[in-house]
Amino acid sequence: MNQTSEFLQRIELALNNDQIRNNFRSAMDGLMSKRRDQFADIDELAALRTQDNLIRVNALLKLPDLLEQLEQQLTNNGIVVHWAENADQANQITLNILNSKNAKNIVKGKSMVSEEIAMNHYLEKAGLCVTESDLGEFIIQLAKETPSHIVMPAVHKNRREIAQLLHEHFPQYPYTEDVDELTGIARQIMRERFEQADAGISGVNFMVAETGTLCLVENEGNGRMCTSVPPLHIAITGIEKVVEKLSDIPPLLSMLPRSATGQKITTYFNMINSPRKTGEKDGPEEVHLILLDNGRSSIHQQQDFFETLLCIRCGACMNHCPVYVRIGGHAYGSVYPGPIGTIVEPQLQGLDKIGTLTSACTMCGACAEVCPVKIPLPKLINRLRAEAVGGISQTLQRKAPLKKKEGMAYLAILAMVISTLVGLSAISIFGHTITLFNPQLFR
Ligand code: SF4
């Protein structure tokens with residue numbers, strides 16, 4: 001069966017499943033309404049979107065330098081940095097670190113990058129016990145499923161399904177469909193796992209080059225437990241998650257939870273700067289960061305698709321997508337579903353493997369309207385769709401991985417040269433006006 005037939009089969013399955021359709025419809029309606037309430041002031045929203053777009057564009061234009069600075073700062077702070085070109089390397093590095101400490105019991109915080117490289121499968125095959133500690137991730141781990149949404153991985157399941165799943169795996173607890181009681185049971189199970197854990201693995205939302213800080217946004221406190229209770233913490237993330245300065249974080253943080261779940265702020269915001277210092281009562285003795293490329297350098301060097309990497313993984317584009325709402329995340333057959341998945345997956349995996357995803361778009365433009373960093377999603381989907389229909393283009397062939405200063409620095413240099421030659425203080429690259437000598441932007 002070819003990729004199109006498989007995709008159509010998954011779509012048909014989803015459309016014929018009333019429960020899936022109802023679960024997604026009610027969850028997405030709730031999220032859209034909560035987000036709308038958060039952005040009642042449209043002028044504030046417009047200003048923040050512009051600011052966040054510029055922060056991310058600036059970070060990507062300076063990516064090689066910022067990654068070097070980040071590595072230096074993290075190393076100064078006592079965090080060990082590893083570079084992984086692909087999924088295999090990232091998994092092998094993780095396993096080597098765990099083996100070096102004889103770590104067998106692992107607790108994990110939510111990380112889409114770890115989903116991208118199928119880390120749980122790799123570690124379990126090596127004989128390790130991995131427990132997902134984010135409630136949604138824990139539920140789908142029990143169900144042996146993959147996330148159907150990048151922020152709410154178990155959004156396709158309703159309360160009754162979750163109650164049955166927990167009871168099936170933990171019959172020592174009484175059956176209940178009460179949400180608070182279900183959460184209480186999961187909390188008790190998780191406490192024991194945290195106490196037994198030899199290592200914690202987490203994702204990272206933002207990395208600050210200026211200070212060597214890893215930022216983690218979460219609601220359940222499990223991220224903090226993963227990164228502070230076990231003696232070893234391994235963080236993993238994509239190379240694009242770096243920003244230049246600590247002052248870049250508040251505007252991004254102002255948009256991320258409001259766009260994602262309609263919350264003004266999340267319950268926890270963790271800033272990790274170093275392992276436990278002498279005299280401190282908690283925190284891991286060792287912290288490692290794995291920086292994953294896995295095709296991102298290639299995207300970074302394609303001027304037509306560069307904006308893909310602006311993404312802060314808020315999920316708003318899928319919450320507002322009429323296709324995603326009807327077919328749900330699993331129908332896409334990819335780690336990243338919805339509009340962002342439709343542009344990321346064909347670039348990471350290749351149009352020949354998953355180019356048919358580009359047909360899952362009505363070009364309504366809702367995703368681009370809500371994206372907090374102004375990624376022109378329909379434009380990128382349309383471009384990829386044209387390539388998928390017309391055959392595999394040269395532009396989507398993988399380029400060599402970006403090794404720190406090599407590669408993408410040419411964009412910043414190009415901008416500077418053009419600007420100097422024509423005497424402008426601002427030029428437009430890929431549709432973005434880059435104000436080169438604006439101290440507000442490049443300070
Ligand atoms: S593309 Fe935009 S809206 Fe979608 S997840 Fe990324 S940042 Fe959020």
# chains A, B, ... in the order shown; residues from 1 in each chain; ligands from 1
>>> residues_around(residues="Lys125 (chain A)", least_positions_apart="5", cutoff="12 Å", atoms="only C-alpha atoms", output="list in words")
Asn91, Leu95, Ala118, Met119, Asn120 and Val130 of chain A
>>> residues_around(residues="region 10-20 of chain A", least_positions_apart="2", cutoff="9 Å", atoms="only C-alpha atoms", output="mmCIF file with N, CA and C atoms, in the first residue's frame")
data_model
loop_
_atom_site.group_PDB
_atom_site.id
_atom_site.type_symbol
_atom_site.label_atom_id
_atom_site.label_comp_id
_atom_site.auth_asym_id
_atom_site.auth_seq_id
_atom_site.Cartn_x
_atom_site.Cartn_y
_atom_site.Cartn_z
ATOM 1 N N SER A 5 -2.688 5.833 0.074
ATOM 2 C CA SER A 5 -3.731 4.870 0.465
ATOM 3 C C SER A 5 -3.729 4.676 1.971
ATOM 4 N N GLU A 6 -2.527 4.600 2.545
ATOM 5 C CA GLU A 6 -2.451 4.418 4.009
ATOM 6 C C GLU A 6 -3.057 5.614 4.735
ATOM 7 N N PHE A 7 -2.741 6.808 4.227
ATOM 8 C CA PHE A 7 -3.261 8.027 4.850
ATOM 9 C C PHE A 7 -4.793 8.052 4.753
ATOM 10 N N LEU A 8 -5.298 7.731 3.558
ATOM 11 C CA LEU A 8 -6.757 7.731 3.370
ATOM 12 C C LEU A 8 -7.429 6.708 4.292
ATOM 13 N N ASN A 22 -15.822 13.239 18.612
ATOM 14 C CA ASN A 22 -16.393 14.031 19.713
ATOM 15 C C ASN A 22 -15.310 14.498 20.680
ATOM 16 N N ASN A 23 -14.347 13.587 20.994
ATOM 17 C CA ASN A 23 -13.275 13.960 21.925
ATOM 18 C C ASN A 23 -12.489 15.160 21.389
ATOM 19 N N PHE A 24 -12.142 15.106 20.110
ATOM 20 C CA PHE A 24 -11.360 16.208 19.532
ATOM 21 C C PHE A 24 -12.186 17.484 19.429
ATOM 22 N N ARG A 25 -13.422 17.327 18.972
ATOM 23 C CA ARG A 25 -14.262 18.512 18.787
ATOM 24 C C ARG A 25 -14.408 19.276 20.103
ATOM 25 N N HIS A 156 -7.090 12.612 22.793
ATOM 26 C CA HIS A 156 -8.062 11.779 22.070
ATOM 27 C C HIS A 156 -8.806 10.839 23.008
ATOM 28 N N LYS A 157 -8.381 10.781 24.270
ATOM 29 C CA LYS A 157 -9.042 9.859 25.210
ATOM 30 C C LYS A 157 -9.969 10.639 26.146
ATOM 31 N N ASN A 158 -11.114 10.044 26.442
ATOM 32 C CA ASN A 158 -11.999 10.695 27.393
ATOM 33 C C ASN A 158 -11.804 10.076 28.786
ATOM 34 N N ARG A 326 -11.121 17.331 12.836
ATOM 35 C CA ARG A 326 -11.994 16.242 12.375
ATOM 36 C C ARG A 326 -11.303 14.883 12.354
ATOM 37 N N ILE A 327 -10.024 14.854 12.006
ATOM 38 C CA ILE A 327 -9.394 13.530 11.866
ATOM 39 C C ILE A 327 -8.515 13.163 13.064
ATOM 40 N N GLY A 328 -8.152 14.139 13.891
ATOM 41 C CA GLY A 328 -7.310 13.861 15.055
ATOM 42 C C GLY A 328 -5.862 13.628 14.675
ATOM 43 N N HIS A 330 -3.645 11.043 15.280
ATOM 44 C CA HIS A 330 -3.100 9.755 14.826
ATOM 45 C C HIS A 330 -3.285 9.518 13.330
ATOM 46 N N ALA A 331 -4.311 10.150 12.752
ATOM 47 C CA ALA A 331 -4.563 9.938 11.317
ATOM 48 C C ALA A 331 -3.383 10.422 10.471
ATOM 49 N N TYR A 332 -2.623 11.372 10.986
ATOM 50 C CA TYR A 332 -1.484 11.884 10.214
ATOM 51 C C TYR A 332 -0.372 10.830 10.090
ATOM 52 N N GLY A 333 -0.335 9.897 11.060
ATOM 53 C CA GLY A 333 0.682 8.847 10.997
ATOM 54 C C GLY A 333 2.092 9.374 11.211
#
>>> residues_near_ligand(ligand="ligand 1", cutoff="6 Å", atoms="only C-alpha atoms and all ligand atoms", output="PDB file with C-alpha atoms, in the first residue's frame")
ATOM      1  CA  CYS A 311       8.096  27.146  15.938  1.00  0.00           C
ATOM      2  CA  ILE A 312       7.772  27.177  19.739  1.00  0.00           C
ATOM      3  CA  ARG A 313       5.544  24.052  19.755  1.00  0.00           C
ATOM      4  CA  CYS A 314       2.451  25.671  21.258  1.00  0.00           C
ATOM      5  CA  GLY A 315      -0.021  23.544  19.274  1.00  0.00           C
ATOM      6  CA  ALA A 316      -2.366  26.476  18.513  1.00  0.00           C
ATOM      7  CA  CYS A 317      -2.217  25.749  14.779  1.00  0.00           C
ATOM      8  CA  ILE A 340       3.130  22.202  11.948  1.00  0.00           C
ATOM      9  CA  CYS A 371       0.627  31.197  15.243  1.00  0.00           C
ATOM     10  CA  PRO A 372       2.387  33.236  17.954  1.00  0.00           C
ATOM     11  CA  VAL A 373       5.606  33.492  15.929  1.00  0.00           C
ATOM     12  CA  ILE A 375       4.948  31.138  10.640  1.00  0.00           C
TER      13      ILE A 375
END
>>> residues_around(residues="Leu380 (chain A)", least_positions_apart="2", cutoff="10 Å", atoms="only C-alpha atoms", output="ChimeraX atom specification")
/A:304-308,339-340,342-344,358,375-378,382-386
>>> write_last_selection(atoms="C-alpha atoms", output="PDB file, in the first residue's frame")
ATOM      1  CA  ASP A 304      12.007  28.805   1.415  1.00  0.00           C
ATOM      2  CA  PHE A 305      11.529  26.685   4.540  1.00  0.00           C
ATOM      3  CA  PHE A 306      13.698  28.416   7.116  1.00  0.00           C
ATOM      4  CA  GLU A 307      10.623  29.737   8.980  1.00  0.00           C
ATOM      5  CA  THR A 308       9.652  26.182   9.928  1.00  0.00           C
ATOM      6  CA  PRO A 339      -0.304  22.156  10.274  1.00  0.00           C
ATOM      7  CA  ILE A 340       3.130  22.202  11.948  1.00  0.00           C
ATOM      8  CA  THR A 342       2.465  18.970   7.738  1.00  0.00           C
ATOM      9  CA  ILE A 343       5.505  21.191   7.181  1.00  0.00           C
ATOM     10  CA  VAL A 344       7.957  19.523   9.596  1.00  0.00           C
ATOM     11  CA  THR A 358       0.544  18.159   2.425  1.00  0.00           C
ATOM     12  CA  ILE A 375       4.948  31.138  10.640  1.00  0.00           C
ATOM     13  CA  PRO A 376       3.233  31.394   7.231  1.00  0.00           C
ATOM     14  CA  LEU A 377       2.004  27.805   7.481  1.00  0.00           C
ATOM     15  CA  PRO A 378      -0.342  27.718   4.441  1.00  0.00           C
ATOM     16  CA  ASN A 382       1.388  24.963  -0.462  1.00  0.00           C
ATOM     17  CA  ARG A 383       5.041  25.062  -1.501  1.00  0.00           C
ATOM     18  CA  LEU A 384       5.615  21.536  -0.171  1.00  0.00           C
ATOM     19  CA  ARG A 385       2.396  20.350  -1.790  1.00  0.00           C
ATOM     20  CA  ALA A 386       3.589  21.616  -5.169  1.00  0.00           C
TER      21      ALA A 386
END
>>> closest_residue(among="A:Gln196, A:Ser228, A:Ser133, A:Gln349", to="Glu116 (chain A)", atoms="only C-alpha atoms")
A:Gln349
>>> residues_around(residues="Leu128 (chain A)", least_positions_apart="3", cutoff="7 Å", atoms="only C-alpha atoms", output="list in words")
Lys104, Asn105, Leu123 and Glu124 of chain A
>>> write_last_selection(atoms="N, CA and C atoms", output="CSV table (one decimal), in the first residue's frame")
chain,number,residue,atom,x,y,z
A,104,LYS,N,19.1,2.4,35.9
A,104,LYS,CA,18.1,1.4,35.3
A,104,LYS,C,16.7,2.0,35.3
A,105,ASN,N,16.4,2.8,36.3
A,105,ASN,CA,15.0,3.3,36.4
A,105,ASN,C,15.0,4.8,36.0
A,123,LEU,N,15.5,2.7,24.7
A,123,LEU,CA,16.0,2.5,26.1
A,123,LEU,C,15.4,1.2,26.7
A,124,GLU,N,14.1,1.0,26.3
A,124,GLU,CA,13.5,-0.3,26.8
A,124,GLU,C,14.1,-1.5,26.2
>>> residues_around(residues="region 216-227 of chain A", least_positions_apart="4", cutoff="10 Å", atoms="only C-alpha atoms", output="PDB file with N, CA and C atoms, in the first residue's frame")
ATOM      1  N   ILE A 106      14.249   5.047  34.971  1.00  0.00           N
ATOM      2  CA  ILE A 106      14.273   6.398  34.405  1.00  0.00           C
ATOM      3  C   ILE A 106      12.879   7.013  34.493  1.00  0.00           C
ATOM      4  N   VAL A 107      12.809   8.265  34.948  1.00  0.00           N
ATOM      5  CA  VAL A 107      11.541   9.006  34.832  1.00  0.00           C
ATOM      6  C   VAL A 107      11.720  10.073  33.757  1.00  0.00           C
ATOM      7  N   LYS A 108      10.672  10.234  32.961  1.00  0.00           N
ATOM      8  CA  LYS A 108      10.788  11.168  31.846  1.00  0.00           C
ATOM      9  C   LYS A 108       9.754  12.268  31.937  1.00  0.00           C
ATOM     10  N   GLY A 109      10.170  13.486  31.653  1.00  0.00           N
ATOM     11  CA  GLY A 109       9.221  14.589  31.483  1.00  0.00           C
ATOM     12  C   GLY A 109       8.810  14.629  30.023  1.00  0.00           C
ATOM     13  N   LYS A 110       7.823  15.452  29.710  1.00  0.00           N
ATOM     14  CA  LYS A 110       7.318  15.484  28.343  1.00  0.00           C
ATOM     15  C   LYS A 110       8.377  16.019  27.376  1.00  0.00           C
ATOM     16  N   GLU A 132       6.968   7.501  31.831  1.00  0.00           N
ATOM     17  CA  GLU A 132       6.566   8.860  31.454  1.00  0.00           C
ATOM     18  C   GLU A 132       5.849   9.484  32.654  1.00  0.00           C
ATOM     19  N   SER A 133       6.285  10.668  33.075  1.00  0.00           N
ATOM     20  CA  SER A 133       5.698  11.236  34.288  1.00  0.00           C
ATOM     21  C   SER A 133       4.653  12.316  34.010  1.00  0.00           C
ATOM     22  N   ASP A 134       4.615  12.852  32.797  1.00  0.00           N
ATOM     23  CA  ASP A 134       3.523  13.761  32.416  1.00  0.00           C
ATOM     24  C   ASP A 134       2.262  12.904  32.310  1.00  0.00           C
ATOM     25  N   LEU A 135       1.158  13.367  32.897  1.00  0.00           N
ATOM     26  CA  LEU A 135      -0.028  12.499  32.974  1.00  0.00           C
ATOM     27  C   LEU A 135      -0.501  12.021  31.601  1.00  0.00           C
ATOM     28  N   VAL A 151       0.934  19.131  22.621  1.00  0.00           N
ATOM     29  CA  VAL A 151       0.872  19.662  23.987  1.00  0.00           C
ATOM     30  C   VAL A 151       0.053  18.743  24.889  1.00  0.00           C
ATOM     31  N   ARG A 187      -0.839  10.315  40.709  1.00  0.00           N
ATOM     32  CA  ARG A 187       0.166  11.003  41.537  1.00  0.00           C
ATOM     33  C   ARG A 187       0.858  10.021  42.476  1.00  0.00           C
ATOM     34  N   MET A 190       3.203   7.848  40.562  1.00  0.00           N
ATOM     35  CA  MET A 190       4.366   8.627  40.111  1.00  0.00           C
ATOM     36  C   MET A 190       5.339   8.912  41.240  1.00  0.00           C
ATOM     37  N   ARG A 191       4.792   9.167  42.442  1.00  0.00           N
ATOM     38  CA  ARG A 191       5.677   9.436  43.604  1.00  0.00           C
ATOM     39  C   ARG A 191       6.672   8.305  43.793  1.00  0.00           C
ATOM     40  N   PHE A 194       9.343   8.353  41.144  1.00  0.00           N
ATOM     41  CA  PHE A 194      10.340   9.414  41.363  1.00  0.00           C
ATOM     42  C   PHE A 194      11.337   8.996  42.444  1.00  0.00           C
ATOM     43  N   GLU A 195      10.806   8.370  43.514  1.00  0.00           N
ATOM     44  CA  GLU A 195      11.696   7.952  44.614  1.00  0.00           C
ATOM     45  C   GLU A 195      12.706   6.912  44.152  1.00  0.00           C
ATOM     46  N   ALA A 197      13.831   6.531  41.046  1.00  0.00           N
ATOM     47  CA  ALA A 197      14.512   6.866  39.777  1.00  0.00           C
ATOM     48  C   ALA A 197      16.014   7.081  39.936  1.00  0.00           C
ATOM     49  N   ALA A 199      17.627   8.262  37.184  1.00  0.00           N
ATOM     50  CA  ALA A 199      17.886   9.383  36.258  1.00  0.00           C
ATOM     51  C   ALA A 199      16.568   9.979  35.782  1.00  0.00           C
ATOM     52  N   GLY A 200      16.613  11.260  35.448  1.00  0.00           N
ATOM     53  CA  GLY A 200      15.454  11.938  34.871  1.00  0.00           C
ATOM     54  C   GLY A 200      15.817  12.452  33.491  1.00  0.00           C
ATOM     55  N   ILE A 201      14.879  12.307  32.556  1.00  0.00           N
ATOM     56  CA  ILE A 201      15.091  12.837  31.196  1.00  0.00           C
ATOM     57  C   ILE A 201      13.993  13.858  30.925  1.00  0.00           C
ATOM     58  N   SER A 202      14.375  15.000  30.365  1.00  0.00           N
ATOM     59  CA  SER A 202      13.361  16.023  30.073  1.00  0.00           C
ATOM     60  C   SER A 202      13.613  16.638  28.705  1.00  0.00           C
ATOM     61  N   GLY A 203      12.620  17.349  28.208  1.00  0.00           N
ATOM     62  CA  GLY A 203      12.810  18.182  27.027  1.00  0.00           C
ATOM     63  C   GLY A 203      13.228  19.566  27.495  1.00  0.00           C
ATOM     64  N   VAL A 204      13.265  20.503  26.567  1.00  0.00           N
ATOM     65  CA  VAL A 204      13.602  21.904  26.887  1.00  0.00           C
ATOM     66  C   VAL A 204      12.726  22.780  25.995  1.00  0.00           C
ATOM     67  N   ASN A 205      12.116  23.817  26.574  1.00  0.00           N
ATOM     68  CA  ASN A 205      11.317  24.726  25.741  1.00  0.00           C
ATOM     69  C   ASN A 205      12.168  25.813  25.089  1.00  0.00           C
ATOM     70  N   PHE A 206      13.067  26.395  25.898  1.00  0.00           N
ATOM     71  CA  PHE A 206      13.970  27.422  25.358  1.00  0.00           C
ATOM     72  C   PHE A 206      15.343  27.256  26.004  1.00  0.00           C
ATOM     73  N   MET A 207      16.392  27.578  25.245  1.00  0.00           N
ATOM     74  CA  MET A 207      17.740  27.609  25.814  1.00  0.00           C
ATOM     75  C   MET A 207      18.268  29.026  25.621  1.00  0.00           C
ATOM     76  N   PRO A 231      19.613  11.694  40.779  1.00  0.00           N
ATOM     77  CA  PRO A 231      20.985  12.241  40.803  1.00  0.00           C
ATOM     78  C   PRO A 231      21.527  12.623  39.426  1.00  0.00           C
ATOM     79  N   LEU A 232      20.828  12.175  38.368  1.00  0.00           N
ATOM     80  CA  LEU A 232      21.301  12.453  37.002  1.00  0.00           C
ATOM     81  C   LEU A 232      20.144  13.035  36.186  1.00  0.00           C
ATOM     82  N   HIS A 233      20.413  14.133  35.496  1.00  0.00           N
ATOM     83  CA  HIS A 233      19.396  14.726  34.613  1.00  0.00           C
ATOM     84  C   HIS A 233      19.965  14.828  33.194  1.00  0.00           C
ATOM     85  N   ILE A 234      19.210  14.278  32.234  1.00  0.00           N
ATOM     86  CA  ILE A 234      19.586  14.419  30.817  1.00  0.00           C
ATOM     87  C   ILE A 234      18.473  15.200  30.120  1.00  0.00           C
ATOM     88  N   ALA A 235      18.831  16.345  29.558  1.00  0.00           N
ATOM     89  CA  ALA A 235      17.863  17.131  28.788  1.00  0.00           C
ATOM     90  C   ALA A 235      18.165  16.913  27.302  1.00  0.00           C
ATOM     91  N   LEU A 253       7.346  33.640  26.709  1.00  0.00           N
ATOM     92  CA  LEU A 253       6.569  32.992  27.762  1.00  0.00           C
ATOM     93  C   LEU A 253       5.177  33.609  27.879  1.00  0.00           C
ATOM     94  N   LEU A 256       3.408  31.617  24.854  1.00  0.00           N
ATOM     95  CA  LEU A 256       3.345  30.153  24.756  1.00  0.00           C
ATOM     96  C   LEU A 256       2.128  29.551  25.468  1.00  0.00           C
ATOM     97  N   PRO A 257       1.951  29.761  26.782  1.00  0.00           N
ATOM     98  CA  PRO A 257       0.800  29.118  27.440  1.00  0.00           C
ATOM     99  C   PRO A 257      -0.545  29.678  26.986  1.00  0.00           C
ATOM    100  N   ILE A 265      -0.452  31.872  32.457  1.00  0.00           N
ATOM    101  CA  ILE A 265       0.887  31.384  32.775  1.00  0.00           C
ATOM    102  C   ILE A 265       0.749  29.930  33.224  1.00  0.00           C
ATOM    103  N   THR A 266       1.805  29.148  33.025  1.00  0.00           N
ATOM    104  CA  THR A 266       1.732  27.755  33.487  1.00  0.00           C
ATOM    105  C   THR A 266       2.026  27.695  34.986  1.00  0.00           C
ATOM    106  N   THR A 267       1.705  26.558  35.583  1.00  0.00           N
ATOM    107  CA  THR A 267       1.901  26.428  37.027  1.00  0.00           C
ATOM    108  C   THR A 267       3.382  26.450  37.386  1.00  0.00           C
ATOM    109  N   TYR A 268       4.200  25.862  36.532  1.00  0.00           N
ATOM    110  CA  TYR A 268       5.647  25.818  36.798  1.00  0.00           C
ATOM    111  C   TYR A 268       6.413  26.381  35.612  1.00  0.00           C
ATOM    112  N   PHE A 269       7.463  27.112  35.956  1.00  0.00           N
ATOM    113  CA  PHE A 269       8.426  27.529  34.931  1.00  0.00           C
ATOM    114  C   PHE A 269       9.807  27.302  35.531  1.00  0.00           C
ATOM    115  N   ASN A 270      10.549  26.360  34.966  1.00  0.00           N
ATOM    116  CA  ASN A 270      11.840  25.965  35.539  1.00  0.00           C
ATOM    117  C   ASN A 270      12.982  26.552  34.730  1.00  0.00           C
ATOM    118  N   MET A 271      13.957  27.082  35.436  1.00  0.00           N
ATOM    119  CA  MET A 271      15.169  27.588  34.774  1.00  0.00           C
ATOM    120  C   MET A 271      16.350  26.823  35.359  1.00  0.00           C
ATOM    121  N   ILE A 272      16.985  26.017  34.533  1.00  0.00           N
ATOM    122  CA  ILE A 272      18.062  25.147  35.017  1.00  0.00           C
ATOM    123  C   ILE A 272      19.400  25.716  34.544  1.00  0.00           C
ATOM    124  N   PRO A 275      24.256  21.826  37.616  1.00  0.00           N
ATOM    125  CA  PRO A 275      23.965  20.743  38.556  1.00  0.00           C
ATOM    126  C   PRO A 275      23.940  21.302  39.983  1.00  0.00           C
ATOM    127  N   GLY A 283      18.686  18.827  43.787  1.00  0.00           N
ATOM    128  CA  GLY A 283      19.200  19.012  42.424  1.00  0.00           C
ATOM    129  C   GLY A 283      20.108  17.855  42.052  1.00  0.00           C
ATOM    130  N   PRO A 284      20.212  17.585  40.764  1.00  0.00           N
ATOM    131  CA  PRO A 284      21.032  16.459  40.302  1.00  0.00           C
ATOM    132  C   PRO A 284      22.531  16.746  40.438  1.00  0.00           C
ATOM    133  N   VAL A 287      24.277  17.102  35.124  1.00  0.00           N
ATOM    134  CA  VAL A 287      23.281  17.504  34.113  1.00  0.00           C
ATOM    135  C   VAL A 287      23.938  17.443  32.731  1.00  0.00           C
TER     136      VAL A 287
END
>>> select_by_dssp(residues="region 113-240 of chain A", states="strand (DSSP E)", output="ChimeraX atom specification")
/A:129-132,199-202,206-208,213-218,232-238
>>> atom_distance(atom1="CA of Glu85 (chain A)", atom2="CA of Ser114 (chain A)")
14.1 Å
>>> closest_residue(among="A:Ser148, A:Gly279, A:Glu168, A:Met255", to="Gly341 (chain A)", atoms="only C-alpha atoms")
A:Ser148
>>> select_by_dssp(residues="region 23-259 of chain A", states="alpha helix (DSSP H)", output="MDAnalysis selection string")
chainID A and resid 23:38 42:61 63:77 87:100 112:116 119:125 135:142 159:169 179:196 222:228 249:259
